[in-house]
There are 4 protein chains.
Amino acid sequence: MKLKTFGDYEVRVRESFARQPTMKTLGVTLEHVAPGEVDLGFAFDTRLTQQHGFIHAGIMTTVLDTAAGLAAFSLMPEEAGVLTIELKASLMRPAKGARFLCKGRVLKPGRTIVFAEAVGYADDVEIARMSGSMMVVEGREGVKG
Amino acid sequence: MKLKTFGDYEVRVRESFARQPTMKTLGVTLEHVAPGEVDLGFAFDTRLTQQHGFIHAGIMTTVLDTAAGLAAFSLMPEEAGVLTIELKASLMRPAKGARFLCKGRVLKPGRTIVFAEAVGYADDVEIARMSGSMMVVEGREGVKG
Amino acid sequence: MKLKTFGDYEVRVRESFARQPTMKTLGVTLEHVAPGEVDLGFAFDTRLTQQHGFIHAGIMTTVLDTAAGLAAFSLMPEEAGVLTIELKASLMRPAKGARFLCKGRVLKPGRTIVFAEAVGYADDVEIARMSGSMMVVEGREGVKG
Amino acid sequence: MKLKTFGDYEVRVRESFARQPTMKTLGVTLEHVAPGEVDLGFAFDTRLTQQHGFIHAGIMTTVLDTAAGLAAFSLMPEEAGVLTIELKASLMRPAKGARFLCKGRVLKPGRTIVFAEAVGYADDVEIARMSGSMMVVEGREGVKG
């Protein structure tokens, strides 16, 4: 798949990630950026667990969504913002482990909607998959990045 | 729909909620418990925002998932644990507002899978919907509540 | 929710339905049209079953999707076409019964994306739920209705 | 991933497929069976189109669901039946073409739930993706295969 980028897409992806306080709250780091691809990682943290001591399904989904959203954003025009309009996640195994990786990638670029997915790993074991529809928002005040 | 509960379901729901560190990290409070129904609330917090200043879609999904999961859990046997195996969310409006409410309810009880949904509100405006499949886990060490 | 329609929306919904050969192949009838609401019905038919004699989950999903899509279409501008870009279905009970009803309704209108859902019944028992994102397509040749 | 099969899994997959009248109604053929993998194909047919002349999103989803379900079934015990409890589909491009292929595969086997996905192609172009949760049903009368 030929993936078109606009201007310095990598700088924009890194800036968008850095401007998300949630990523700091969850201790997420940006591991990889390429056209249509973004990987995010985070370490096990008791503050992010549910009642059995696993990472909360929603927290896992949050990082998967951000990886997929940034992968989509990497292909968007310079003035655009990205918003997730829907996501669907399969949580195949409990999220237990020391280190978690969420690998996002674009399934299909588009002018209005970018389809993206992300696969989640716990210590190299695949534990979750998410796919979502990411909207390209242009000309809406306050929605850039 | 006639909804069967087991023993003191409300105590178990409140205990399960209290044992989820993620809920404390996000500042979520338990607002309502009834058979097959759980409402959760939280206030706007800059730490939970994305790059445009809205509550992160994943954080919204986390609270929706917890409300739906606890609604499912309210109908489960006394020794059971609950795990979300999949969730699907529609994020219809950006999550902006002062106060957020996530109302979870059971769509169909079951011995193995409970189907539940949750509707999210920002200052009384409906902004998101999620549905999920919640597994009834019995006899697995460490998975209770 | 105040739902705006354009011109003779009901005529356009009925025409769009009538132009879908799949609906004829499955024996589906249009039962109700209102702003943001469309109900479709069909009778049990052995040709539409899976290996246990239930209506195939995909066929149920097809009618749910059409009900939701037409509900969305009922609120679209006169020259627009509707396309489902994603759908998510929970199949809570096997589809057995004599008569099936799929009630579609809009959750949130929009200029580009309309969020809609549909609930499926078998002889008045709720058996399935679907939600989807419906795109408003304008100015694309061949995509009208 | 090591995938365990039971007895003559291929015969059971072929029998289950052959017992689904919906597959005959839609003109679907079984193209490939391996442990955790099933491919299904079908030709363009006007009877299966929607209002713009594309294959109906629901029909595409029906074949994706069947491919994923049979892939899951290929790993199930000999007396089990398979039921889709939920599915989520992204319809990335309109389904236009002469020939359609749906490639199903298991993402994670399990005793109660098998996670599977299917990718849809129109004349070798990827147009759709679906993932679902497939239940292993044992000891329920009438639900085998």
# chains A, B, ... in the order shown; residues from 1 in each chain; ligands from 1
call {"tool": "residues_around", "arguments": {"residues": "region 33-39 of chain A", "least_positions_apart": "5", "cutoff": "9 Å", "atoms": "only C-alpha atoms", "output": "count of residues only"}}
result
27
call {"tool": "interface_residues", "arguments": {"of": "chain C", "to": "chain D", "cutoff": "9 Å", "atoms": "only C-alpha atoms", "output": "number ranges by chain"}}
result
C: 16-25, 46-53, 55-66, 81, 83-94, 142-145
call {"tool": "calpha_fit_and_write", "arguments": {"fixed": "chain A", "moving": "chain B", "output": "short mmCIF file (atom, residue, chain, number, x, y, z; two decimals) with C-alpha atoms, in the first residue's frame"}}
result
data_model
loop_
_atom_site.label_atom_id
_atom_site.label_comp_id
_atom_site.auth_asym_id
_atom_site.auth_seq_id
_atom_site.Cartn_x
_atom_site.Cartn_y
_atom_site.Cartn_z
CA MET B 1 0.02 -0.02 0.02
CA LYS B 2 1.42 3.35 -1.04
CA LEU B 3 0.96 5.80 1.82
CA LYS B 4 1.10 9.51 1.14
CA THR B 5 2.26 11.83 3.91
CA PHE B 6 2.11 15.63 4.17
CA GLY B 7 5.03 17.87 5.16
CA ASP B 8 6.90 16.82 8.27
CA TYR B 9 4.40 14.23 9.44
CA GLU B 10 6.71 12.81 12.06
CA VAL B 11 7.11 16.13 13.87
CA ARG B 12 3.33 16.53 13.90
CA VAL B 13 2.76 13.03 15.27
CA ARG B 14 5.31 13.61 18.03
CA GLU B 15 3.76 16.97 18.89
CA SER B 16 0.23 15.53 18.97
CA PHE B 17 1.39 12.75 21.27
CA ALA B 18 3.20 15.20 23.54
CA ARG B 19 0.07 17.34 23.81
CA GLN B 20 -2.05 14.48 25.22
CA PRO B 21 -2.02 14.68 29.02
CA THR B 22 -3.65 11.25 29.21
CA MET B 23 -0.49 9.70 27.79
CA LYS B 24 1.54 11.25 30.59
CA THR B 25 -1.01 10.19 33.21
CA LEU B 26 -0.74 6.58 31.98
CA GLY B 27 3.05 6.66 31.58
CA VAL B 28 2.96 5.91 27.85
CA THR B 29 5.99 6.43 25.62
CA LEU B 30 6.20 6.84 21.83
CA GLU B 31 8.30 3.96 20.49
CA HIS B 32 8.05 4.18 16.71
CA VAL B 33 6.68 6.50 14.00
CA ALA B 34 6.54 5.75 10.27
CA PRO B 35 3.98 6.56 7.54
CA GLY B 36 0.76 4.94 8.74
CA GLU B 37 2.44 3.31 11.75
CA VAL B 38 2.79 4.29 15.40
CA ASP B 39 3.87 2.11 18.32
CA LEU B 40 3.28 3.07 21.94
CA GLY B 41 4.59 1.35 25.07
CA PHE B 42 3.94 1.42 28.79
CA ALA B 43 5.02 -0.42 31.90
CA PHE B 44 2.79 -2.27 34.35
CA ASP B 45 1.53 0.14 36.97
CA THR B 46 -0.73 -0.81 39.88
CA ARG B 47 -2.61 2.47 39.45
CA LEU B 48 -3.92 1.21 36.08
CA THR B 49 -5.24 -2.16 37.22
CA GLN B 50 -8.72 -3.55 37.72
CA GLN B 51 -10.02 -5.73 40.55
CA HIS B 52 -7.96 -8.84 39.68
CA GLY B 53 -4.66 -7.00 39.32
CA PHE B 54 -4.63 -6.97 35.48
CA ILE B 55 -4.29 -3.77 33.48
CA HIS B 56 -7.85 -2.46 33.03
CA ALA B 57 -9.36 -3.36 29.65
CA GLY B 58 -10.24 0.29 29.15
CA ILE B 59 -6.69 1.45 29.77
CA MET B 60 -5.42 -1.10 27.25
CA THR B 61 -8.06 0.17 24.84
CA THR B 62 -6.99 3.78 25.48
CA VAL B 63 -3.43 3.06 24.41
CA LEU B 64 -4.54 0.95 21.44
CA ASP B 65 -6.86 3.78 20.35
CA THR B 66 -4.08 6.34 20.65
CA ALA B 67 -1.67 4.20 18.63
CA ALA B 68 -4.27 3.68 15.90
CA GLY B 69 -5.30 7.34 15.97
CA LEU B 70 -1.74 8.60 15.64
CA ALA B 71 -1.06 6.09 12.85
CA ALA B 72 -4.06 7.62 11.05
CA PHE B 73 -2.91 11.13 11.90
CA SER B 74 0.49 10.45 10.32
CA LEU B 75 -1.22 10.42 6.92
CA MET B 76 -3.41 13.51 7.39
CA PRO B 77 -2.95 16.98 5.88
CA GLU B 78 -0.98 19.58 7.83
CA GLU B 79 -3.92 21.54 9.25
CA ALA B 80 -6.05 18.51 10.14
CA GLY B 81 -7.03 17.15 13.52
CA VAL B 82 -7.90 13.53 14.27
CA LEU B 83 -10.91 12.25 16.23
CA THR B 84 -11.88 8.63 16.91
CA ILE B 85 -15.52 8.22 15.97
CA GLU B 86 -15.80 4.56 16.86
CA LEU B 87 -13.65 1.72 18.11
CA LYS B 88 -14.09 -1.98 18.59
CA ALA B 89 -11.77 -4.05 20.74
CA SER B 90 -11.29 -7.77 21.34
CA LEU B 91 -9.62 -8.46 24.67
CA MET B 92 -8.36 -11.95 24.05
CA ARG B 93 -6.24 -12.44 27.15
CA PRO B 94 -6.05 -10.70 30.54
CA ALA B 95 -3.50 -7.88 30.40
CA LYS B 96 -0.85 -9.20 32.74
CA GLY B 97 2.84 -8.63 32.25
CA ALA B 98 5.66 -6.24 32.95
CA ARG B 99 5.65 -4.29 29.68
CA PHE B 100 2.91 -3.55 27.15
CA LEU B 101 3.23 -2.56 23.51
CA CYS B 102 0.47 -1.26 21.23
CA LYS B 103 1.25 -1.29 17.51
CA GLY B 104 -1.05 0.92 15.44
CA ARG B 105 -1.29 0.90 11.66
CA VAL B 106 -3.52 2.28 8.95
CA LEU B 107 -5.73 -0.20 7.13
CA LYS B 108 -7.05 2.32 4.60
CA PRO B 109 -6.31 6.04 4.26
CA GLY B 110 -9.04 8.45 3.21
CA ARG B 111 -9.91 12.12 2.92
CA THR B 112 -12.66 11.98 5.55
CA ILE B 113 -12.26 8.66 7.36
CA VAL B 114 -9.07 6.71 7.97
CA PHE B 115 -9.49 3.08 9.03
CA ALA B 116 -6.83 1.93 11.45
CA GLU B 117 -6.15 -0.94 13.82
CA ALA B 118 -3.82 -1.65 16.71
CA VAL B 119 -2.53 -4.88 18.19
CA GLY B 120 -1.64 -5.07 21.88
CA TYR B 121 1.10 -7.20 23.40
CA ALA B 122 2.02 -8.08 26.98
CA ASP B 123 5.66 -9.16 27.14
CA ASP B 124 5.49 -10.18 23.43
CA VAL B 125 2.25 -12.17 23.76
CA GLU B 126 -0.64 -10.83 21.68
CA ILE B 127 -3.45 -10.02 24.07
CA ALA B 128 -5.78 -7.56 22.33
CA ARG B 129 -6.84 -6.11 18.99
CA MET B 130 -8.71 -2.94 18.22
CA SER B 131 -9.95 -1.35 15.02
CA GLY B 132 -11.44 2.07 14.61
CA SER B 133 -12.64 4.79 12.29
CA MET B 134 -10.65 7.99 12.60
CA MET B 135 -12.13 11.22 11.28
CA VAL B 136 -10.04 13.83 9.48
CA VAL B 137 -11.26 17.10 10.98
CA GLU B 138 -10.47 20.29 9.07
CA GLY B 139 -11.49 23.86 9.75
CA ARG B 140 -13.00 23.22 13.18
CA GLU B 141 -11.67 25.65 15.75
CA GLY B 142 -9.59 24.05 18.45
CA VAL B 143 -9.34 20.69 16.67
CA LYS B 144 -5.87 20.49 15.20
CA GLY B 145 -3.27 17.81 15.80
#
call {"tool": "select_by_dssp", "arguments": {"residues": "region 47-102 of chain B", "states": "alpha helix (DSSP H)", "output": "PDB file with C-alpha atoms, in the first residue's frame"}}
result
ATOM      1  CA  ALA B  57     -11.990   8.697  23.925  1.00  0.00           C
ATOM      2  CA  GLY B  58     -10.220   5.818  25.647  1.00  0.00           C
ATOM      3  CA  ILE B  59     -10.829   7.238  29.109  1.00  0.00           C
ATOM      4  CA  MET B  60     -14.512   7.675  28.285  1.00  0.00           C
ATOM      5  CA  THR B  61     -14.518   4.083  27.030  1.00  0.00           C
ATOM      6  CA  THR B  62     -12.813   2.908  30.234  1.00  0.00           C
ATOM      7  CA  VAL B  63     -15.582   4.323  32.402  1.00  0.00           C
ATOM      8  CA  LEU B  64     -18.316   3.069  30.048  1.00  0.00           C
ATOM      9  CA  ASP B  65     -16.732  -0.397  30.124  1.00  0.00           C
ATOM     10  CA  THR B  66     -16.557  -0.376  33.912  1.00  0.00           C
ATOM     11  CA  ALA B  67     -20.195   0.695  34.234  1.00  0.00           C
ATOM     12  CA  ALA B  68     -21.305  -2.034  31.821  1.00  0.00           C
ATOM     13  CA  GLY B  69     -19.040  -4.619  33.456  1.00  0.00           C
ATOM     14  CA  LEU B  70     -20.316  -3.880  36.953  1.00  0.00           C
ATOM     15  CA  ALA B  71     -23.919  -3.930  35.701  1.00  0.00           C
ATOM     16  CA  ALA B  72     -23.173  -7.431  34.373  1.00  0.00           C
ATOM     17  CA  PHE B  73     -21.394  -8.378  37.582  1.00  0.00           C
TER      18      PHE B  73
END
call {"tool": "select_by_dssp", "arguments": {"residues": "chain A", "states": "strand (DSSP E)", "output": "PyMOL selection string"}}
result
chain A and resi 29-34+37-43+81-91+99-108+113-122+125-137
call {"tool": "decode", "arguments": {"residues": "region 36-56 of chain C", "atoms": "N, CA, C and O atoms", "output": "PDB file, in the first residue's frame"}}
result
ATOM      1  N   GLY C  36     -35.807   9.640  11.130  1.00  0.00           N
ATOM      2  CA  GLY C  36     -34.812   8.945  11.940  1.00  0.00           C
ATOM      3  C   GLY C  36     -35.215   7.561  12.389  1.00  0.00           C
ATOM      4  O   GLY C  36     -34.549   6.977  13.248  1.00  0.00           O
ATOM      5  N   GLU C  37     -36.269   7.005  11.815  1.00  0.00           N
ATOM      6  CA  GLU C  37     -36.749   5.673  12.213  1.00  0.00           C
ATOM      7  C   GLU C  37     -37.186   4.839  11.013  1.00  0.00           C
ATOM      8  O   GLU C  37     -37.993   5.325  10.207  1.00  0.00           O
ATOM      9  N   VAL C  38     -36.708   3.636  10.924  1.00  0.00           N
ATOM     10  CA  VAL C  38     -37.197   2.703   9.900  1.00  0.00           C
ATOM     11  C   VAL C  38     -37.278   1.304  10.502  1.00  0.00           C
ATOM     12  O   VAL C  38     -36.322   0.836  11.131  1.00  0.00           O
ATOM     13  N   ASP C  39     -38.428   0.645  10.320  1.00  0.00           N
ATOM     14  CA  ASP C  39     -38.585  -0.744  10.750  1.00  0.00           C
ATOM     15  C   ASP C  39     -38.698  -1.641   9.524  1.00  0.00           C
ATOM     16  O   ASP C  39     -39.436  -1.323   8.586  1.00  0.00           O
ATOM     17  N   LEU C  40     -38.003  -2.770   9.580  1.00  0.00           N
ATOM     18  CA  LEU C  40     -38.084  -3.763   8.509  1.00  0.00           C
ATOM     19  C   LEU C  40     -38.491  -5.106   9.112  1.00  0.00           C
ATOM     20  O   LEU C  40     -38.109  -5.421  10.242  1.00  0.00           O
ATOM     21  N   GLY C  41     -39.240  -5.899   8.354  1.00  0.00           N
ATOM     22  CA  GLY C  41     -39.666  -7.209   8.847  1.00  0.00           C
ATOM     23  C   GLY C  41     -39.417  -8.297   7.832  1.00  0.00           C
ATOM     24  O   GLY C  41     -39.301  -8.030   6.639  1.00  0.00           O
ATOM     25  N   PHE C  42     -39.281  -9.511   8.321  1.00  0.00           N
ATOM     26  CA  PHE C  42     -39.196 -10.642   7.389  1.00  0.00           C
ATOM     27  C   PHE C  42     -39.644 -11.910   8.107  1.00  0.00           C
ATOM     28  O   PHE C  42     -39.627 -11.986   9.338  1.00  0.00           O
ATOM     29  N   ALA C  43     -40.060 -12.875   7.311  1.00  0.00           N
ATOM     30  CA  ALA C  43     -40.555 -14.137   7.854  1.00  0.00           C
ATOM     31  C   ALA C  43     -39.435 -15.172   7.853  1.00  0.00           C
ATOM     32  O   ALA C  43     -38.488 -15.092   7.053  1.00  0.00           O
ATOM     33  N   PHE C  44     -39.543 -16.137   8.745  1.00  0.00           N
ATOM     34  CA  PHE C  44     -38.606 -17.253   8.732  1.00  0.00           C
ATOM     35  C   PHE C  44     -38.614 -17.894   7.358  1.00  0.00           C
ATOM     36  O   PHE C  44     -39.666 -18.066   6.750  1.00  0.00           O
ATOM     37  N   ASP C  45     -37.415 -18.247   6.892  1.00  0.00           N
ATOM     38  CA  ASP C  45     -37.291 -18.864   5.564  1.00  0.00           C
ATOM     39  C   ASP C  45     -36.081 -19.806   5.642  1.00  0.00           C
ATOM     40  O   ASP C  45     -34.968 -19.364   5.965  1.00  0.00           O
ATOM     41  N   THR C  46     -36.320 -21.065   5.352  1.00  0.00           N
ATOM     42  CA  THR C  46     -35.248 -22.063   5.455  1.00  0.00           C
ATOM     43  C   THR C  46     -34.018 -21.668   4.639  1.00  0.00           C
ATOM     44  O   THR C  46     -32.884 -21.961   5.026  1.00  0.00           O
ATOM     45  N   ARG C  47     -34.223 -20.973   3.525  1.00  0.00           N
ATOM     46  CA  ARG C  47     -33.107 -20.550   2.668  1.00  0.00           C
ATOM     47  C   ARG C  47     -32.134 -19.619   3.372  1.00  0.00           C
ATOM     48  O   ARG C  47     -31.030 -19.382   2.888  1.00  0.00           O
ATOM     49  N   LEU C  48     -32.561 -19.010   4.497  1.00  0.00           N
ATOM     50  CA  LEU C  48     -31.737 -18.011   5.182  1.00  0.00           C
ATOM     51  C   LEU C  48     -31.160 -18.544   6.490  1.00  0.00           C
ATOM     52  O   LEU C  48     -30.698 -17.773   7.332  1.00  0.00           O
ATOM     53  N   THR C  49     -31.164 -19.856   6.648  1.00  0.00           N
ATOM     54  CA  THR C  49     -30.718 -20.442   7.919  1.00  0.00           C
ATOM     55  C   THR C  49     -29.252 -20.874   7.859  1.00  0.00           C
ATOM     56  O   THR C  49     -28.653 -21.005   6.797  1.00  0.00           O
ATOM     57  N   GLN C  50     -28.725 -21.099   9.068  1.00  0.00           N
ATOM     58  CA  GLN C  50     -27.378 -21.660   9.162  1.00  0.00           C
ATOM     59  C   GLN C  50     -27.494 -23.153   9.530  1.00  0.00           C
ATOM     60  O   GLN C  50     -28.583 -23.740   9.415  1.00  0.00           O
ATOM     61  N   GLN C  51     -26.417 -23.755  10.001  1.00  0.00           N
ATOM     62  CA  GLN C  51     -26.379 -25.202  10.158  1.00  0.00           C
ATOM     63  C   GLN C  51     -27.248 -25.774  11.272  1.00  0.00           C
ATOM     64  O   GLN C  51     -27.497 -26.977  11.318  1.00  0.00           O
ATOM     65  N   HIS C  52     -27.744 -24.913  12.199  1.00  0.00           N
ATOM     66  CA  HIS C  52     -28.620 -25.422  13.263  1.00  0.00           C
ATOM     67  C   HIS C  52     -30.084 -25.095  12.998  1.00  0.00           C
ATOM     68  O   HIS C  52     -30.942 -25.359  13.843  1.00  0.00           O
ATOM     69  N   GLY C  53     -30.362 -24.483  11.868  1.00  0.00           N
ATOM     70  CA  GLY C  53     -31.745 -24.153  11.548  1.00  0.00           C
ATOM     71  C   GLY C  53     -32.192 -22.783  12.027  1.00  0.00           C
ATOM     72  O   GLY C  53     -33.352 -22.412  11.861  1.00  0.00           O
ATOM     73  N   PHE C  54     -31.267 -21.997  12.610  1.00  0.00           N
ATOM     74  CA  PHE C  54     -31.599 -20.616  12.993  1.00  0.00           C
ATOM     75  C   PHE C  54     -31.355 -19.708  11.786  1.00  0.00           C
ATOM     76  O   PHE C  54     -30.600 -20.051  10.879  1.00  0.00           O
ATOM     77  N   ILE C  55     -31.969 -18.526  11.793  1.00  0.00           N
ATOM     78  CA  ILE C  55     -31.612 -17.531  10.776  1.00  0.00           C
ATOM     79  C   ILE C  55     -30.123 -17.209  10.963  1.00  0.00           C
ATOM     80  O   ILE C  55     -29.644 -17.011  12.077  1.00  0.00           O
ATOM     81  N   HIS C  56     -29.395 -17.133   9.873  1.00  0.00           N
ATOM     82  CA  HIS C  56     -27.950 -16.876   9.914  1.00  0.00           C
ATOM     83  C   HIS C  56     -27.683 -15.507  10.551  1.00  0.00           C
ATOM     84  O   HIS C  56     -28.363 -14.525  10.236  1.00  0.00           O
TER      85      HIS C  56
END
